[in-house]
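Asker: My structure is in upload.txt, and what it holds is compact mmCIF, N, CA and C atoms:
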# COMPACT_ATOMS: atom_id res chain seq x y z
N GLN S 1 108.42 121.31 79.47
CA GLN S 1 107.10 120.93 79.01
C GLN S 1 106.63 119.69 79.78
N VAL S 2 105.44 119.75 80.28
CA VAL S 2 104.85 118.64 81.02
C VAL S 2 103.65 118.14 80.24
N GLN S 3 103.58 116.85 80.07
CA GLN S 3 102.41 116.26 79.44
C GLN S 3 101.65 115.42 80.45
N LEU S 4 100.35 115.58 80.46
CA LEU S 4 99.48 114.84 81.38
C LEU S 4 98.48 114.04 80.56
N VAL S 5 98.36 112.77 80.90
CA VAL S 5 97.45 111.90 80.16
C VAL S 5 96.54 111.20 81.15
N GLU S 6 95.24 111.49 81.05
CA GLU S 6 94.26 110.84 81.91
C GLU S 6 93.80 109.52 81.30
N SER S 7 93.40 108.62 82.16
CA SER S 7 92.82 107.35 81.72
C SER S 7 91.90 106.82 82.79
N GLY S 8 91.07 105.86 82.42
CA GLY S 8 90.24 105.20 83.40
C GLY S 8 88.80 105.65 83.46
N GLY S 9 88.45 106.62 82.64
CA GLY S 9 87.06 107.05 82.62
C GLY S 9 86.16 106.00 82.00
N GLY S 10 84.85 106.22 82.08
CA GLY S 10 83.93 105.27 81.47
C GLY S 10 82.53 105.46 81.99
N LEU S 11 81.71 104.44 81.76
CA LEU S 11 80.31 104.45 82.18
C LEU S 11 80.15 103.56 83.40
N VAL S 12 79.48 104.07 84.41
CA VAL S 12 79.27 103.33 85.65
C VAL S 12 77.88 103.63 86.17
N GLN S 13 77.30 102.68 86.86
CA GLN S 13 75.98 102.90 87.45
C GLN S 13 76.09 103.71 88.74
N ALA S 14 75.04 104.40 89.05
CA ALA S 14 75.00 105.14 90.30
C ALA S 14 75.27 104.21 91.48
N GLY S 15 76.08 104.70 92.41
CA GLY S 15 76.49 103.89 93.54
C GLY S 15 77.77 103.13 93.31
N GLY S 16 78.23 103.09 92.09
CA GLY S 16 79.43 102.36 91.75
C GLY S 16 80.70 103.16 91.99
N SER S 17 81.82 102.55 91.62
CA SER S 17 83.13 103.16 91.82
C SER S 17 83.93 103.16 90.53
N LEU S 18 84.87 104.08 90.48
CA LEU S 18 85.74 104.20 89.31
C LEU S 18 87.00 104.89 89.75
N ARG S 19 88.13 104.52 89.16
CA ARG S 19 89.37 105.21 89.44
C ARG S 19 89.93 105.77 88.14
N VAL S 20 90.21 107.05 88.15
CA VAL S 20 90.87 107.68 87.01
C VAL S 20 92.32 107.97 87.38
N SER S 21 93.19 107.87 86.39
CA SER S 21 94.61 108.06 86.60
C SER S 21 95.12 109.19 85.72
N CYS S 22 96.22 109.77 86.14
CA CYS S 22 96.87 110.86 85.39
C CYS S 22 98.36 110.59 85.37
N ALA S 23 98.86 110.21 84.21
CA ALA S 23 100.29 109.94 84.05
C ALA S 23 100.98 111.21 83.56
N ALA S 24 102.05 111.59 84.23
CA ALA S 24 102.76 112.82 83.89
C ALA S 24 104.14 112.51 83.31
N SER S 25 104.52 113.31 82.35
CA SER S 25 105.88 113.20 81.81
C SER S 25 106.81 114.08 82.63
N GLY S 26 108.11 113.91 82.44
CA GLY S 26 109.07 114.77 83.12
C GLY S 26 109.60 114.14 84.39
N PRO S 27 110.81 114.52 84.77
CA PRO S 27 111.49 113.89 85.91
C PRO S 27 111.15 114.49 87.27
N THR S 28 110.36 115.54 87.29
CA THR S 28 110.15 116.23 88.56
C THR S 28 108.70 116.21 88.99
N PHE S 29 108.03 115.10 88.79
CA PHE S 29 106.62 115.00 89.16
C PHE S 29 106.41 115.37 90.62
N SER S 30 107.34 115.02 91.47
CA SER S 30 107.19 115.30 92.90
C SER S 30 107.21 116.79 93.20
N ALA S 31 107.57 117.60 92.23
CA ALA S 31 107.59 119.05 92.42
C ALA S 31 106.27 119.70 92.05
N TYR S 32 105.31 118.95 91.53
CA TYR S 32 104.05 119.52 91.09
C TYR S 32 102.97 119.33 92.14
N VAL S 33 102.21 120.37 92.40
CA VAL S 33 100.92 120.18 93.05
C VAL S 33 99.98 119.66 91.97
N MET S 34 99.24 118.62 92.27
CA MET S 34 98.35 118.02 91.28
C MET S 34 96.90 118.27 91.67
N GLY S 35 96.10 118.51 90.66
CA GLY S 35 94.68 118.74 90.90
C GLY S 35 93.82 117.97 89.92
N TRP S 36 92.62 117.65 90.36
CA TRP S 36 91.58 117.10 89.51
C TRP S 36 90.45 118.10 89.42
N PHE S 37 89.99 118.34 88.22
CA PHE S 37 88.88 119.23 87.96
C PHE S 37 87.88 118.48 87.09
N ARG S 38 86.67 119.01 86.98
CA ARG S 38 85.68 118.37 86.12
C ARG S 38 84.78 119.43 85.49
N GLN S 39 84.26 119.08 84.33
CA GLN S 39 83.32 119.96 83.64
C GLN S 39 82.07 119.17 83.28
N PRO S 40 81.00 119.38 84.05
CA PRO S 40 79.74 118.70 83.73
C PRO S 40 79.16 119.25 82.44
N PRO S 41 78.26 118.53 81.80
CA PRO S 41 77.66 119.02 80.54
C PRO S 41 76.97 120.35 80.74
N GLY S 42 77.31 121.31 79.91
CA GLY S 42 76.65 122.61 79.95
C GLY S 42 77.07 123.50 81.11
N LYS S 43 78.08 123.09 81.86
CA LYS S 43 78.50 123.88 83.02
C LYS S 43 79.98 124.22 82.91
N GLU S 44 80.42 125.10 83.80
CA GLU S 44 81.81 125.49 83.83
C GLU S 44 82.65 124.43 84.55
N ARG S 45 83.93 124.45 84.25
CA ARG S 45 84.84 123.54 84.91
C ARG S 45 84.98 123.93 86.38
N GLU S 46 85.06 122.92 87.24
CA GLU S 46 85.12 123.16 88.67
C GLU S 46 86.17 122.27 89.31
N ILE S 47 86.62 122.70 90.46
CA ILE S 47 87.61 121.90 91.16
C ILE S 47 86.95 120.69 91.80
N VAL S 48 87.71 119.58 91.85
CA VAL S 48 87.25 118.37 92.52
C VAL S 48 88.14 118.12 93.74
N ALA S 49 89.45 118.05 93.51
CA ALA S 49 90.39 117.74 94.60
C ALA S 49 91.79 118.14 94.19
N THR S 50 92.61 118.42 95.17
CA THR S 50 94.02 118.70 94.92
C THR S 50 94.87 118.00 95.98
N ILE S 51 96.14 117.80 95.64
CA ILE S 51 97.05 117.11 96.55
C ILE S 51 98.42 117.78 96.51
N SER S 52 99.01 117.90 97.68
CA SER S 52 100.30 118.58 97.79
C SER S 52 101.42 117.77 97.16
N ARG S 53 102.56 118.41 97.04
CA ARG S 53 103.71 117.76 96.42
C ARG S 53 104.10 116.48 97.14
N ARG S 54 104.05 116.53 98.45
CA ARG S 54 104.46 115.37 99.23
C ARG S 54 103.35 114.34 99.36
N GLY S 55 102.12 114.78 99.06
CA GLY S 55 101.00 113.86 99.10
C GLY S 55 100.32 113.74 100.44
N ASP S 56 100.72 114.54 101.41
CA ASP S 56 100.14 114.38 102.74
C ASP S 56 99.16 115.49 103.09
N ASN S 57 98.83 116.33 102.12
CA ASN S 57 97.81 117.35 102.33
C ASN S 57 96.89 117.35 101.12
N THR S 58 95.60 117.35 101.38
CA THR S 58 94.62 117.29 100.30
C THR S 58 93.49 118.28 100.52
N TYR S 59 92.81 118.57 99.44
CA TYR S 59 91.62 119.43 99.49
C TYR S 59 90.55 118.75 98.64
N TYR S 60 89.30 118.82 99.11
CA TYR S 60 88.18 118.27 98.36
C TYR S 60 87.06 119.28 98.28
N ALA S 61 86.42 119.33 97.15
CA ALA S 61 85.19 120.10 97.03
C ALA S 61 84.13 119.46 97.92
N ASP S 62 83.25 120.26 98.45
CA ASP S 62 82.21 119.75 99.35
C ASP S 62 81.37 118.68 98.66
N SER S 63 81.17 118.80 97.38
CA SER S 63 80.29 117.88 96.66
C SER S 63 80.85 116.47 96.57
N VAL S 64 82.16 116.31 96.79
CA VAL S 64 82.76 114.98 96.67
C VAL S 64 83.39 114.49 97.97
N LYS S 65 83.40 115.34 98.97
CA LYS S 65 84.04 114.99 100.23
C LYS S 65 83.41 113.74 100.82
N GLY S 66 84.27 112.80 101.22
CA GLY S 66 83.79 111.56 101.79
C GLY S 66 83.52 110.47 100.76
N ARG S 67 83.50 110.84 99.47
CA ARG S 67 83.24 109.86 98.40
C ARG S 67 84.45 109.68 97.49
N PHE S 68 85.22 110.74 97.29
CA PHE S 68 86.37 110.69 96.39
C PHE S 68 87.66 110.76 97.21
N THR S 69 88.71 110.13 96.68
CA THR S 69 90.02 110.18 97.30
C THR S 69 91.07 110.47 96.25
N ILE S 70 91.84 111.53 96.47
CA ILE S 70 92.94 111.85 95.59
C ILE S 70 94.23 111.30 96.19
N SER S 71 95.09 110.79 95.34
CA SER S 71 96.37 110.26 95.81
C SER S 71 97.40 110.43 94.70
N ARG S 72 98.63 110.16 95.04
CA ARG S 72 99.69 110.25 94.05
C ARG S 72 100.79 109.23 94.38
N ASP S 73 101.46 108.80 93.34
CA ASP S 73 102.61 107.92 93.50
C ASP S 73 103.76 108.61 92.77
N ASN S 74 104.61 109.28 93.53
CA ASN S 74 105.68 110.05 92.90
C ASN S 74 106.70 109.16 92.20
N ALA S 75 106.82 107.93 92.62
CA ALA S 75 107.75 107.02 91.96
C ALA S 75 107.23 106.61 90.58
N LYS S 76 105.91 106.67 90.40
CA LYS S 76 105.31 106.29 89.11
C LYS S 76 104.85 107.49 88.30
N ASN S 77 105.13 108.70 88.80
CA ASN S 77 104.70 109.92 88.10
C ASN S 77 103.21 109.90 87.78
N THR S 78 102.42 109.47 88.73
CA THR S 78 100.99 109.29 88.48
C THR S 78 100.16 109.80 89.64
N ALA S 79 99.08 110.47 89.30
CA ALA S 79 98.09 110.89 90.27
C ALA S 79 96.80 110.11 90.01
N TYR S 80 96.03 109.92 91.06
CA TYR S 80 94.81 109.12 90.96
C TYR S 80 93.64 109.87 91.60
N LEU S 81 92.47 109.51 91.13
CA LEU S 81 91.24 109.96 91.77
C LEU S 81 90.33 108.74 91.88
N GLN S 82 90.18 108.26 93.09
CA GLN S 82 89.29 107.14 93.36
C GLN S 82 87.92 107.71 93.68
N MET S 83 86.92 107.28 92.90
CA MET S 83 85.58 107.80 93.06
C MET S 83 84.65 106.68 93.49
N SER S 84 83.93 106.90 94.57
CA SER S 84 83.01 105.90 95.10
C SER S 84 81.64 106.54 95.31
N SER S 85 80.65 105.69 95.49
CA SER S 85 79.26 106.17 95.68
C SER S 85 78.91 107.21 94.64
N LEU S 86 79.21 106.89 93.41
CA LEU S 86 79.01 107.85 92.33
C LEU S 86 77.54 108.16 92.12
N LYS S 87 77.30 109.41 91.75
CA LYS S 87 75.96 109.92 91.51
C LYS S 87 75.86 110.41 90.07
N PRO S 88 74.66 110.45 89.51
CA PRO S 88 74.52 110.98 88.14
C PRO S 88 75.11 112.38 88.00
N GLU S 89 75.03 113.18 89.04
CA GLU S 89 75.58 114.54 88.97
C GLU S 89 77.11 114.58 88.94
N ASP S 90 77.75 113.43 89.11
CA ASP S 90 79.21 113.36 88.95
C ASP S 90 79.61 113.21 87.48
N THR S 91 78.63 113.04 86.61
CA THR S 91 78.92 112.93 85.19
C THR S 91 79.61 114.20 84.69
N ALA S 92 80.76 114.01 84.06
CA ALA S 92 81.56 115.16 83.61
C ALA S 92 82.79 114.66 82.87
N VAL S 93 83.46 115.58 82.22
CA VAL S 93 84.81 115.32 81.74
C VAL S 93 85.76 115.68 82.88
N TYR S 94 86.61 114.75 83.23
CA TYR S 94 87.53 114.93 84.35
C TYR S 94 88.92 115.24 83.81
N TYR S 95 89.51 116.31 84.33
CA TYR S 95 90.82 116.77 83.91
C TYR S 95 91.80 116.73 85.08
N CYS S 96 93.02 116.32 84.81
CA CYS S 96 94.06 116.52 85.81
C CYS S 96 94.90 117.71 85.37
N ALA S 97 95.54 118.32 86.35
CA ALA S 97 96.33 119.51 86.09
C ALA S 97 97.52 119.56 87.04
N ALA S 98 98.57 120.23 86.59
CA ALA S 98 99.80 120.34 87.38
C ALA S 98 100.15 121.80 87.61
N ASP S 99 100.44 122.11 88.84
CA ASP S 99 100.87 123.46 89.24
C ASP S 99 102.35 123.37 89.57
N LEU S 100 103.18 124.08 88.80
CA LEU S 100 104.62 123.96 88.95
C LEU S 100 105.25 125.02 89.83
N SER S 101 104.43 125.84 90.46
CA SER S 101 104.99 126.87 91.32
C SER S 101 105.77 126.24 92.46
N PRO S 102 106.84 126.90 92.92
CA PRO S 102 107.70 126.33 93.97
C PRO S 102 107.11 126.46 95.38
N TYR S 103 106.00 125.78 95.58
CA TYR S 103 105.36 125.85 96.89
C TYR S 103 106.07 124.99 97.91
N SER S 104 105.62 125.11 99.14
CA SER S 104 106.08 124.20 100.17
C SER S 104 105.55 122.81 99.89
N LEU S 105 106.09 121.85 100.59
CA LEU S 105 105.71 120.46 100.34
C LEU S 105 104.27 120.15 100.72
N VAL S 106 103.65 120.98 101.52
CA VAL S 106 102.31 120.67 102.02
C VAL S 106 101.22 121.57 101.43
N LYS S 107 101.57 122.50 100.58
CA LYS S 107 100.59 123.43 100.06
C LYS S 107 99.72 122.78 98.98
N VAL S 108 98.43 123.10 98.99
CA VAL S 108 97.55 122.71 97.90
C VAL S 108 97.00 123.98 97.26
N THR S 109 96.68 123.91 96.00
CA THR S 109 96.15 125.06 95.29
C THR S 109 94.81 124.69 94.68
N THR S 110 93.87 125.62 94.75
CA THR S 110 92.50 125.33 94.34
C THR S 110 92.02 126.17 93.16
N LEU S 111 92.81 127.14 92.73
CA LEU S 111 92.40 128.01 91.64
C LEU S 111 92.89 127.48 90.30
N GLN S 112 91.98 127.43 89.34
CA GLN S 112 92.35 126.91 88.03
C GLN S 112 93.48 127.72 87.40
N ARG S 113 93.45 129.03 87.64
CA ARG S 113 94.45 129.89 86.99
C ARG S 113 95.86 129.62 87.49
N ASP S 114 95.99 128.95 88.62
CA ASP S 114 97.32 128.65 89.16
C ASP S 114 97.96 127.42 88.51
N TYR S 115 97.16 126.65 87.78
CA TYR S 115 97.67 125.42 87.18
C TYR S 115 98.27 125.70 85.81
N ASP S 116 99.43 125.11 85.58
CA ASP S 116 100.21 125.41 84.39
C ASP S 116 99.97 124.45 83.23
N TYR S 117 99.70 123.21 83.54
CA TYR S 117 99.51 122.20 82.50
C TYR S 117 98.24 121.40 82.78
N TRP S 118 97.59 121.01 81.68
CA TRP S 118 96.32 120.29 81.77
C TRP S 118 96.35 119.08 80.86
N GLY S 119 95.66 118.02 81.29
CA GLY S 119 95.46 116.88 80.43
C GLY S 119 94.32 117.12 79.46
N GLN S 120 94.07 116.13 78.64
CA GLN S 120 93.03 116.28 77.61
C GLN S 120 91.65 115.94 78.14
N GLY S 121 91.59 115.32 79.29
CA GLY S 121 90.31 115.00 79.90
C GLY S 121 89.87 113.57 79.62
N THR S 122 89.09 113.01 80.53
CA THR S 122 88.51 111.68 80.36
C THR S 122 87.05 111.74 80.81
N GLN S 123 86.18 111.15 80.03
CA GLN S 123 84.74 111.22 80.30
C GLN S 123 84.34 110.20 81.35
N VAL S 124 83.60 110.66 82.33
CA VAL S 124 82.99 109.79 83.33
C VAL S 124 81.48 110.01 83.25
N THR S 125 80.76 108.94 83.03
CA THR S 125 79.30 109.01 82.93
C THR S 125 78.70 108.08 83.96
N VAL S 126 77.83 108.63 84.78
CA VAL S 126 77.17 107.86 85.83
C VAL S 126 75.69 107.75 85.47
N SER S 127 75.23 106.54 85.28
CA SER S 127 73.83 106.33 84.91
C SER S 127 73.00 106.09 86.15
N SER S 128 71.76 106.53 86.06
CA SER S 128 70.85 106.39 87.22
C SER S 128 70.11 105.07 87.19
What is this structure when it is put down as structure tokens?
Answerer:
Amino acid sequence: QVQLVESGGGLVQAGGSLRVSCAASGPTFSAYVMGWFRQPPGKEREIVATISRRGDNTYYADSVKGRFTISRDNAKNTAYLQMSSLKPEDTAVYYCAADLSPYSLVKVTTLQRDYDYWGQGTQVTVSS
């Protein structure tokens, strides 16, 4: 059983920055592909970014490319999403997720159905 706990959400003005964190339980965090997803109000959940087990391969949705950075610290069992140049359309509940499939160290996964565990979500609100 893996537990994921997000933190760091909040209210920020457009153009500002925010970092959300995802703390994972269990001794094998380095074995998980980690992903960040978001669900804007009234819309379906969508992918934001993913990071490989080793942390040296990443994927970003076009809408956040160049503004968001996903990272992980395997020694701290924590994944991060640094968000900059935030826009009102970035307002959403942000979820982290873990994919436990035995992938290679550099593989990233982008499909929600491939993720095995999800956090409870953290609200990010960007005011205009």
Asker: To one decimal place, how far is atom C of S:Ile51 from atom N of S:Ser17 in Å?
Answerer: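 One can read the atom C of S:Ile51 to atom N of S:Ser17 distance as 23.1 Å.
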Asker: At what distance in Å, to one decimal, does atom CA of S:Gln123 lie from atom N of S:Ala14?
Answerer: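 Straight-line distance from atom N of S:Ala14 to atom CA of S:Gln123 works out to 14.7 Å.
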Asker: List as a PyMOL selection string the protein and nucleic acid residues near stretch 98-107 of chain S, meaning an atom at most 7 Å away when all atoms listed in the file are counted, but skip any in the same chain fewer than 2 places from it.
Answerer: chain S and resi 31-35+51-57+96+109+114-119
Asker: Could you write out that same residue set with N, CA and C atoms as a PDB file, in the frame of the given file?
Answerer:
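Output (selection.pdb):
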ATOM      1  N   ALA S  31     107.570 117.600  92.230  1.00  0.00           N
ATOM      2  CA  ALA S  31     107.590 119.050  92.420  1.00  0.00           C
ATOM      3  C   ALA S  31     106.270 119.700  92.050  1.00  0.00           C
ATOM      4  N   TYR S  32     105.310 118.950  91.530  1.00  0.00           N
ATOM      5  CA  TYR S  32     104.050 119.520  91.090  1.00  0.00           C
ATOM      6  C   TYR S  32     102.970 119.330  92.140  1.00  0.00           C
ATOM      7  N   VAL S  33     102.210 120.370  92.400  1.00  0.00           N
ATOM      8  CA  VAL S  33     100.920 120.180  93.050  1.00  0.00           C
ATOM      9  C   VAL S  33      99.980 119.660  91.970  1.00  0.00           C
ATOM     10  N   MET S  34      99.240 118.620  92.270  1.00  0.00           N
ATOM     11  CA  MET S  34      98.350 118.020  91.280  1.00  0.00           C
ATOM     12  C   MET S  34      96.900 118.270  91.670  1.00  0.00           C
ATOM     13  N   GLY S  35      96.100 118.510  90.660  1.00  0.00           N
ATOM     14  CA  GLY S  35      94.680 118.740  90.900  1.00  0.00           C
ATOM     15  C   GLY S  35      93.820 117.970  89.920  1.00  0.00           C
ATOM     16  N   ILE S  51      96.140 117.800  95.640  1.00  0.00           N
ATOM     17  CA  ILE S  51      97.050 117.110  96.550  1.00  0.00           C
ATOM     18  C   ILE S  51      98.420 117.780  96.510  1.00  0.00           C
ATOM     19  N   SER S  52      99.010 117.900  97.680  1.00  0.00           N
ATOM     20  CA  SER S  52     100.300 118.580  97.790  1.00  0.00           C
ATOM     21  C   SER S  52     101.420 117.770  97.160  1.00  0.00           C
ATOM     22  N   ARG S  53     102.560 118.410  97.040  1.00  0.00           N
ATOM     23  CA  ARG S  53     103.710 117.760  96.420  1.00  0.00           C
ATOM     24  C   ARG S  53     104.100 116.480  97.140  1.00  0.00           C
ATOM     25  N   ARG S  54     104.050 116.530  98.450  1.00  0.00           N
ATOM     26  CA  ARG S  54     104.460 115.370  99.230  1.00  0.00           C
ATOM     27  C   ARG S  54     103.350 114.340  99.360  1.00  0.00           C
ATOM     28  N   GLY S  55     102.120 114.780  99.060  1.00  0.00           N
ATOM     29  CA  GLY S  55     101.000 113.860  99.100  1.00  0.00           C
ATOM     30  C   GLY S  55     100.320 113.740 100.440  1.00  0.00           C
ATOM     31  N   ASP S  56     100.720 114.540 101.410  1.00  0.00           N
ATOM     32  CA  ASP S  56     100.140 114.380 102.740  1.00  0.00           C
ATOM     33  C   ASP S  56      99.160 115.490 103.090  1.00  0.00           C
ATOM     34  N   ASN S  57      98.830 116.330 102.120  1.00  0.00           N
ATOM     35  CA  ASN S  57      97.810 117.350 102.330  1.00  0.00           C
ATOM     36  C   ASN S  57      96.890 117.350 101.120  1.00  0.00           C
ATOM     37  N   CYS S  96      93.020 116.320  84.810  1.00  0.00           N
ATOM     38  CA  CYS S  96      94.060 116.520  85.810  1.00  0.00           C
ATOM     39  C   CYS S  96      94.900 117.710  85.370  1.00  0.00           C
ATOM     40  N   THR S 109      96.680 123.910  96.000  1.00  0.00           N
ATOM     41  CA  THR S 109      96.150 125.060  95.290  1.00  0.00           C
ATOM     42  C   THR S 109      94.810 124.690  94.680  1.00  0.00           C
ATOM     43  N   ASP S 114      95.990 128.950  88.620  1.00  0.00           N
ATOM     44  CA  ASP S 114      97.320 128.650  89.160  1.00  0.00           C
ATOM     45  C   ASP S 114      97.960 127.420  88.510  1.00  0.00           C
ATOM     46  N   TYR S 115      97.160 126.650  87.780  1.00  0.00           N
ATOM     47  CA  TYR S 115      97.670 125.420  87.180  1.00  0.00           C
ATOM     48  C   TYR S 115      98.270 125.700  85.810  1.00  0.00           C
ATOM     49  N   ASP S 116      99.430 125.110  85.580  1.00  0.00           N
ATOM     50  CA  ASP S 116     100.210 125.410  84.390  1.00  0.00           C
ATOM     51  C   ASP S 116      99.970 124.450  83.230  1.00  0.00           C
ATOM     52  N   TYR S 117      99.700 123.210  83.540  1.00  0.00           N
ATOM     53  CA  TYR S 117      99.510 122.200  82.500  1.00  0.00           C
ATOM     54  C   TYR S 117      98.240 121.400  82.780  1.00  0.00           C
ATOM     55  N   TRP S 118      97.590 121.010  81.680  1.00  0.00           N
ATOM     56  CA  TRP S 118      96.320 120.290  81.770  1.00  0.00           C
ATOM     57  C   TRP S 118      96.350 119.080  80.860  1.00  0.00           C
ATOM     58  N   GLY S 119      95.660 118.020  81.290  1.00  0.00           N
ATOM     59  CA  GLY S 119      95.460 116.880  80.430  1.00  0.00           C
ATOM     60  C   GLY S 119      94.320 117.120  79.460  1.00  0.00           C
TER      61      GLY S 119
END
Asker: Any idea what's packed within 5 Å of S:Gly8, counting all atoms listed in the file, ignoring anything in its chain fewer than 6 positions away? Could you give it as a list of chain:residue names?
Answerer: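 That gives S:Arg19, S:Val20, S:Ser21.
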Asker: Need to verify the contact set: S:Val5, 6.5 Å, only N, CA and C atoms, exclusion of same-chain residues closer than 6 positions in sequence. Can you return it as a ChimeraX atom specification?
Answerer: /S:21-25,119-120
Asker: Rounded to one decimal, what separation in Å do you get between atom N of S:Asn77 and atom N of S:Phe29?
Answerer: 7.0 Å
Asker: I'd like to know which of S:Gln13, S:Thr110, S:Ser30, S:Thr122 is closest to S:Asp73, using only N, CA and C atoms.
Answerer: S:Ser30
Asker: So that I can see what lies close to stretch 67-72 of chain S, please list as JSON, numbers by chain the residues with an atom at most 7 Å from it, counting only N, CA and C atoms and leaving out residues fewer than 2 positions away in the same chain.
Answerer: {"S": [49, 50, 51, 55, 63, 64, 65, 74, 75, 76, 78, 79, 80, 81, 82, 83, 84, 85]}
Asker: Do you know which residues are at most 5 Å from S:Tyr95 counting only N, CA and C atoms, after dropping those on the same chain fewer than 2 positions away, and could you put them as number ranges by chain?
Answerer: S: 36-38, 93, 97, 121
Asker: Using only C-alpha atoms, pick whichever of S:Ser127, S:Gly66, S:Gln112, S:Leu86 has the shortest atom-to-atom distance to S:Gly15.
Answerer: S:Leu86
Asker: Based on the backbone DSSP call, show me all residues of chain S assigned strand (DSSP E), as a ChimeraX atom specification.
Answerer: /S:4-7,10-13,18-24,33-39,46-51,58-60,68-73,78-83,92-99,117-118,122-127
Asker: For the helix (DSSP H, G or I) assignment from backbone DSSP, which residues of stretch 19-107 of chain S qualify? Please present them as number ranges by chain.
Answerer: S: 29-31, 88-90
Asker: Can you work out which one of S:Asp90, S:Gly9, S:Gln1, S:Ser128 has the shortest atom-to-atom distance to S:Pro41, counting only N, CA and C atoms?
Answerer: S:Asp90
